[in-house]
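K.L.:
Okay, so here is data-v8.pdb, and as you'll see once you scroll down, it has PDB, C-alpha atoms, pLDDT in the B column.
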```pdb
ATOM      1  CA  MET A   3       7.097  -1.036  16.416  1.00 49.00           C
ATOM      2  CA  SER A   4       8.939   2.242  16.853  1.00 56.00           C
ATOM      3  CA  GLU A   5       9.124   4.887  14.183  1.00 66.00           C
ATOM      4  CA  SER A   6      12.574   5.868  12.983  1.00 77.00           C
ATOM      5  CA  LYS A   7      13.706   9.121  11.442  1.00 88.00           C
ATOM      6  CA  ILE A   8      14.501   8.933   7.743  1.00 90.00           C
ATOM      7  CA  SER A   9      15.557  11.585   5.276  1.00 94.00           C
ATOM      8  CA  ASP A  10      13.278  12.948   2.571  1.00 93.00           C
ATOM      9  CA  GLY A  11      15.371  11.128  -0.032  1.00 94.00           C
ATOM     10  CA  GLU A  12      15.037   7.833   1.798  1.00 95.00           C
ATOM     11  CA  LEU A  13      11.289   8.375   2.182  1.00 93.00           C
ATOM     12  CA  PHE A  14      10.936   9.119  -1.534  1.00 95.00           C
ATOM     13  CA  GLU A  15      12.873   5.971  -2.433  1.00 96.00           C
ATOM     14  CA  LEU A  16      10.829   3.879  -0.006  1.00 95.00           C
ATOM     15  CA  CYS A  17       7.557   5.228  -1.424  1.00 95.00           C
ATOM     16  CA  GLU A  18       8.728   4.616  -4.976  1.00 97.00           C
ATOM     17  CA  ASP A  19       9.694   1.009  -4.160  1.00 97.00           C
ATOM     18  CA  CYS A  20       6.396   0.458  -2.362  1.00 95.00           C
ATOM     19  CA  PHE A  21       4.392   1.847  -5.287  1.00 95.00           C
ATOM     20  CA  VAL A  22       6.161  -0.439  -7.752  1.00 97.00           C
ATOM     21  CA  SER A  23       5.645  -3.498  -5.524  1.00 97.00           C
ATOM     22  CA  VAL A  24       1.946  -2.783  -4.933  1.00 96.00           C
ATOM     23  CA  LYS A  25       1.368  -2.015  -8.611  1.00 96.00           C
ATOM     24  CA  GLU A  26       3.008  -5.298  -9.651  1.00 97.00           C
ATOM     25  CA  ALA A  27       0.958  -7.236  -7.096  1.00 96.00           C
ATOM     26  CA  CYS A  28      -2.260  -5.632  -8.366  1.00 95.00           C
ATOM     27  CA  MET A  29      -1.368  -6.386 -11.988  1.00 96.00           C
ATOM     28  CA  LYS A  30      -0.620 -10.038 -11.139  1.00 97.00           C
ATOM     29  CA  LEU A  31      -3.903 -10.316  -9.243  1.00 95.00           C
ATOM     30  CA  GLN A  32      -5.831  -8.871 -12.184  1.00 96.00           C
ATOM     31  CA  GLU A  33      -4.119 -11.240 -14.622  1.00 97.00           C
ATOM     32  CA  LYS A  34      -4.911 -14.214 -12.393  1.00 97.00           C
ATOM     33  CA  THR A  35      -8.500 -13.335 -11.446  1.00 96.00           C
ATOM     34  CA  LYS A  36      -9.581 -11.092 -14.346  1.00 96.00           C
ATOM     35  CA  CYS A  37     -11.111  -8.725 -11.779  1.00 96.00           C
ATOM     36  CA  SER A  38     -11.914  -5.126 -12.663  1.00 96.00           C
ATOM     37  CA  ASN A  39     -10.037  -2.015 -11.654  1.00 96.00           C
ATOM     38  CA  ASN A  40     -12.913  -1.256  -9.271  1.00 97.00           C
ATOM     39  CA  VAL A  41     -12.162  -4.434  -7.316  1.00 96.00           C
ATOM     40  CA  ILE A  42      -8.485  -3.489  -7.076  1.00 95.00           C
ATOM     41  CA  VAL A  43      -9.357   0.039  -5.914  1.00 96.00           C
ATOM     42  CA  LYS A  44     -11.717  -1.334  -3.243  1.00 96.00           C
ATOM     43  CA  MET A  45      -9.042  -3.718  -1.968  1.00 94.00           C
ATOM     44  CA  LEU A  46      -6.489  -0.896  -1.784  1.00 95.00           C
ATOM     45  CA  GLU A  47      -9.002   1.245   0.107  1.00 96.00           C
ATOM     46  CA  ASN A  48      -9.476  -1.625   2.575  1.00 95.00           C
ATOM     47  CA  VAL A  49      -5.710  -1.847   3.090  1.00 93.00           C
ATOM     48  CA  ALA A  50      -5.493   1.926   3.649  1.00 94.00           C
ATOM     49  CA  ASP A  51      -8.384   1.762   6.124  1.00 95.00           C
ATOM     50  CA  PHE A  52      -6.620  -1.051   7.987  1.00 95.00           C
ATOM     51  CA  TYR A  53      -3.487   1.054   8.445  1.00 92.00           C
ATOM     52  CA  LYS A  54      -5.462   4.172   9.367  1.00 93.00           C
ATOM     53  CA  GLN A  55      -7.222   2.202  12.114  1.00 93.00           C
ATOM     54  CA  LYS A  56      -3.949   0.673  13.251  1.00 91.00           C
ATOM     55  CA  LYS A  57      -2.494   4.183  13.568  1.00 84.00           C
ATOM     56  CA  LYS A  58      -5.508   5.294  15.628  1.00 85.00           C
ATOM     57  CA  ASP A  59      -5.199   2.249  17.884  1.00 89.00           C
ATOM     58  CA  ASN A  60      -1.528   3.020  18.537  1.00 87.00           C
ATOM     59  CA  SER A  61      -2.212   6.657  19.454  1.00 79.00           C
TER      60      SER A  61
END
```
Could you rewrite the structure in this file as structure tokens?

P.N.:
Amino acid sequence: MSESKISDGELFELCEDCFVSVKEACMKLQEKTKCSNNVIVKMLENVADFYKQKKKDNS
């Protein structure tokens, strides 16, 4: 997948949309499973680690 150039405004909007989507997904998961915030944080850390490794692998 190639990286494309986007403006700062587009990046801000993308990040804002992403944050809202991830937040909603986390809230739904917590409602469904009754898991703690710590579980959500750990899962988000795992996702971040996945993308960090993916970036390293593509370098």

K.L.:
Run the PyMOL selection byres ((chain A and resi 44-58) around 12) on the file and write out the hits as a PyMOL selection string.

P.N.:
chain A and resi 3+5+21+24-25+27-28+31-32+37-43+59-61

K.L.:
Between atom CA of Leu13 of chain A and atom CA of Met29 of chain A, measure the distance and give it in Å to one decimal.

P.N.:
24.1 Å

K.L.:
As JSON, what would the box around segment 11-15 of chain A look like: edges along x, y and z, 3 Å added on every side, centre and edge lengths in Å to one decimal?

P.N.:
```
{"center_x": 13.2, "center_y": 8.5, "center_z": -0.1, "size_x": 10.4, "size_y": 11.2, "size_z": 10.6}
```

K.L.:
Interatomic distance between atom CA of Glu18 of chain A and atom CA of Lys34 of chain A?

P.N.:
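According to the coordinates, atom CA of Glu18 of chain A and atom CA of Lys34 of chain A are separated by 24.4 Å.
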